[in-house]
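Worksheet: one structure, shown below.
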Amino acid sequence: MTVPTADGFRPANKRGAARLAAVQALYQMDVAGTGLLETTAEYELFRLGKEIDGELYRDADPQWFRAILAGVVDDQKTIDPVIRKSLTEDWPLSRLDSTLRAILRAGVFELTRRRDVPVAVIVSEYVDIAKAFYTEDEPKLVNAVLDRVARRSRDEGRGKDKE
């Protein structure tokens, strides 16, 4: 069991660090247009567990990182419609910034393809990642979208579904 630290954040485990790295890599691929193999190699050789410009990247589970990254790329044509269906009509997927899209795509991939991982773990980890990048309503949006996806794909979740 992980205990929250004084600042309220739990220390990242290797899978949590892999999730964060996957979101960063998905963002990079979206913004810079880099490919899957090039991005995966860059992260594994130069970022995961390494120090860059005085910042230490956490040691991450490389298989988990690769699985999320490749899974999102391979399944994006099915993942994006799932996200669209879970957003409100006034928030189309195209309106979300690249970081938020990367968080949602990785979270939806895990919810729909990694049934061995509990819903609560997936939702909590991606909400924490959103909190690392945003201070406004984005973490709540990530929570709501992933919760809707969990209810639809796994029949698990907390709130009421809007059909």
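Residues in the structure tokens are numbered from 1 in each chain, the chains being A, B, ... in the order shown, and ligands are numbered from 1 in the order shown.
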
Please provide the set of residues having any atom within 9 Å of Ala144 (chain A), restricted to only C-alpha atoms, with same-chain residues fewer than 3 positions apart removed, written as a ChimeraX atom specification. /A:86-87,139-141,147-149,159

Which residues are close to Ile68 (chain A), i.e. within 7 Å by only C-alpha atoms, leaving aside same-chain residues fewer than 3 positions away? Reply as a CSV table (one decimal) with N, CA and C atoms, in the first residue's frame.
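Final file, around30.csv:
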```csv
chain,number,residue,atom,x,y,z
A,22,ALA,N,4.6,7.3,-20.9
A,22,ALA,CA,3.8,7.0,-22.1
A,22,ALA,C,3.0,8.2,-22.5
A,64,TRP,N,5.8,-2.1,-19.7
A,64,TRP,CA,4.5,-1.4,-19.5
A,64,TRP,C,4.5,-0.2,-20.4
A,65,PHE,N,5.6,0.5,-20.4
A,65,PHE,CA,5.7,1.7,-21.2
A,65,PHE,C,5.4,1.4,-22.7
A,71,GLY,N,0.1,0.1,-27.8
A,71,GLY,CA,-1.4,-0.2,-27.8
A,71,GLY,C,-2.2,1.0,-28.2
A,72,VAL,N,-1.8,2.2,-27.7
A,72,VAL,CA,-2.6,3.4,-28.1
A,72,VAL,C,-2.4,3.7,-29.6
A,106,ALA,N,-4.3,7.0,-23.3
A,106,ALA,CA,-3.6,5.9,-22.6
A,106,ALA,C,-4.5,5.3,-21.5
```

Return as a PyMOL selection string the full set of residues in region 30-140 of chain A whose backbone-based DSSP assignment is strand (DSSP E or B). chain A and resi 51-52+55-56

If we count only C-alpha atoms, what is near Val108 (chain A) at a cut-off of 12 Å, once residues fewer than 5 positions away on the same chain are taken out, given as number ranges by chain? A: 68, 71-72, 75-76, 78-86, 101-103, 113-115, 119, 122-123, 126, 142-154

Backbone DSSP call of alpha helix (DSSP H) for chain A, listed as a PyMOL selection string: chain A and resi 14-32+36-46+62-86+98-113+119-133+138-154

Store the residues picked out above in a file with C-alpha atoms, as a JSON list (two decimals), in the first residue's frame.
```
[["chain", "number", "residue", "atom", "x", "y", "z"],
["A", 14, "LYS", "CA", 7.42, 1.63, -11.91],
["A", 15, "ARG", "CA", 4.09, 1.17, -13.71],
["A", 16, "GLY", "CA", 2.99, 4.66, -12.67],
["A", 17, "ALA", "CA", 6.25, 6.07, -14.00],
["A", 18, "ALA", "CA", 5.69, 4.08, -17.23],
["A", 19, "ARG", "CA", 2.20, 5.60, -17.56],
["A", 20, "LEU", "CA", 3.56, 9.13, -17.14],
["A", 21, "ALA", "CA", 6.35, 8.47, -19.64],
["A", 22, "ALA", "CA", 3.83, 6.99, -22.11],
["A", 23, "VAL", "CA", 1.66, 10.12, -21.84],
["A", 24, "GLN", "CA", 4.73, 12.30, -22.42],
["A", 25, "ALA", "CA", 5.77, 10.17, -25.40],
["A", 26, "LEU", "CA", 2.26, 10.25, -26.89],
["A", 27, "TYR", "CA", 2.27, 14.03, -26.52],
["A", 28, "GLN", "CA", 5.67, 14.22, -28.23],
["A", 29, "MET", "CA", 4.48, 12.01, -31.08],
["A", 30, "ASP", "CA", 1.36, 14.15, -31.54],
["A", 31, "VAL", "CA", 3.15, 17.50, -31.46],
["A", 32, "ALA", "CA", 6.43, 16.65, -33.18],
["A", 36, "LEU", "CA", 6.47, 4.92, -32.55],
["A", 37, "LEU", "CA", 9.83, 3.16, -32.92],
["A", 38, "GLU", "CA", 11.87, 6.36, -32.80],
["A", 39, "THR", "CA", 10.01, 7.67, -29.76],
["A", 40, "THR", "CA", 10.15, 4.35, -27.90],
["A", 41, "ALA", "CA", 13.90, 4.07, -28.49],
["A", 42, "GLU", "CA", 14.51, 7.67, -27.38],
["A", 43, "TYR", "CA", 12.64, 7.18, -24.11],
["A", 44, "GLU", "CA", 14.22, 3.84, -23.33],
["A", 45, "LEU", "CA", 17.76, 4.94, -24.16],
["A", 46, "PHE", "CA", 17.78, 8.49, -22.88],
["A", 62, "PRO", "CA", 9.88, -0.60, -19.90],
["A", 63, "GLN", "CA", 7.46, -3.36, -20.95],
["A", 64, "TRP", "CA", 4.50, -1.44, -19.52],
["A", 65, "PHE", "CA", 5.69, 1.74, -21.24],
["A", 66, "ARG", "CA", 6.00, -0.06, -24.59],
["A", 67, "ALA", "CA", 2.64, -1.81, -24.18],
["A", 68, "ILE", "CA", 0.78, 1.45, -23.54],
["A", 69, "LEU", "CA", 2.55, 3.35, -26.29],
["A", 70, "ALA", "CA", 2.17, 0.64, -28.94],
["A", 71, "GLY", "CA", -1.37, -0.16, -27.80],
["A", 72, "VAL", "CA", -2.55, 3.43, -28.13],
["A", 73, "VAL", "CA", -0.95, 3.78, -31.56],
["A", 74, "ASP", "CA", -2.36, 0.45, -32.78],
["A", 75, "ASP", "CA", -5.86, 1.01, -31.34],
["A", 76, "GLN", "CA", -6.24, 4.78, -31.81],
["A", 77, "LYS", "CA", -9.00, 4.32, -34.41],
["A", 78, "THR", "CA", -11.09, 2.49, -31.81],
["A", 79, "ILE", "CA", -9.92, 4.49, -28.77],
["A", 80, "ASP", "CA", -10.81, 7.95, -30.10],
["A", 81, "PRO", "CA", -14.50, 7.12, -30.75],
["A", 82, "VAL", "CA", -14.75, 5.71, -27.21],
["A", 83, "ILE", "CA", -13.37, 9.01, -25.85],
["A", 84, "ARG", "CA", -15.69, 11.06, -28.10],
["A", 85, "LYS", "CA", -18.72, 9.13, -26.83],
["A", 86, "SER", "CA", -17.67, 9.85, -23.23],
["A", 98, "SER", "CA", -2.46, 17.27, -26.91],
["A", 99, "THR", "CA", -1.57, 16.47, -23.30],
["A", 100, "LEU", "CA", -5.18, 15.83, -22.32],
["A", 101, "ARG", "CA", -5.75, 13.70, -25.41],
["A", 102, "ALA", "CA", -2.63, 11.66, -24.57],
["A", 103, "ILE", "CA", -3.83, 11.09, -20.97],
["A", 104, "LEU", "CA", -7.28, 10.01, -22.12],
["A", 105, "ARG", "CA", -5.99, 7.77, -24.90],
["A", 106, "ALA", "CA", -3.60, 5.95, -22.55],
["A", 107, "GLY", "CA", -6.28, 5.60, -19.87],
["A", 108, "VAL", "CA", -8.88, 4.31, -22.32],
["A", 109, "PHE", "CA", -6.36, 1.85, -23.76],
["A", 110, "GLU", "CA", -5.75, 0.38, -20.31],
["A", 111, "LEU", "CA", -9.45, 0.29, -19.40],
["A", 112, "THR", "CA", -10.43, -1.49, -22.61],
["A", 113, "ARG", "CA", -7.40, -3.72, -23.20],
["A", 119, "VAL", "CA", -10.43, 0.18, -12.81],
["A", 120, "ALA", "CA", -9.68, 2.15, -9.63],
["A", 121, "VAL", "CA", -5.92, 1.87, -10.24],
["A", 122, "ILE", "CA", -6.17, 3.04, -13.84],
["A", 123, "VAL", "CA", -8.49, 5.96, -13.11],
["A", 124, "SER", "CA", -6.49, 7.07, -10.07],
["A", 125, "GLU", "CA", -3.15, 6.94, -11.89],
["A", 126, "TYR", "CA", -4.34, 8.95, -14.89],
["A", 127, "VAL", "CA", -6.12, 11.51, -12.69],
["A", 128, "ASP", "CA", -2.82, 11.92, -10.81],
["A", 129, "ILE", "CA", -1.02, 12.43, -14.13],
["A", 130, "ALA", "CA", -3.60, 15.07, -15.08],
["A", 131, "LYS", "CA", -3.00, 16.79, -11.73],
["A", 132, "ALA", "CA", 0.71, 16.95, -12.55],
["A", 133, "PHE", "CA", -0.05, 18.98, -15.70],
["A", 138, "GLU", "CA", -8.92, 18.89, -16.43],
["A", 139, "PRO", "CA", -8.30, 16.23, -13.72],
["A", 140, "LYS", "CA", -12.07, 16.15, -13.09],
["A", 141, "LEU", "CA", -12.66, 15.73, -16.83],
["A", 142, "VAL", "CA", -10.16, 12.83, -16.94],
["A", 143, "ASN", "CA", -11.92, 11.23, -13.97],
["A", 144, "ALA", "CA", -15.38, 11.64, -15.53],
["A", 145, "VAL", "CA", -14.39, 10.35, -18.98],
["A", 146, "LEU", "CA", -12.48, 7.34, -17.65],
["A", 147, "ASP", "CA", -15.33, 6.54, -15.25],
["A", 148, "ARG", "CA", -17.82, 6.57, -18.15],
["A", 149, "VAL", "CA", -15.54, 4.36, -20.21],
["A", 150, "ALA", "CA", -15.15, 1.93, -17.29],
["A", 151, "ARG", "CA", -18.92, 1.67, -16.90],
["A", 152, "ARG", "CA", -19.42, 1.05, -20.61],
["A", 153, "SER", "CA", -16.51, -1.32, -21.18],
["A", 154, "ARG", "CA", -16.32, -3.17, -17.85]]
```

Find the distance between CA of Trp91 (chain A) and CA of Tyr134 (chain A) and write it in Å to one decimal.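 Going from CA of Trp91 (chain A) over to CA of Tyr134 (chain A), I get 17.0 Å.
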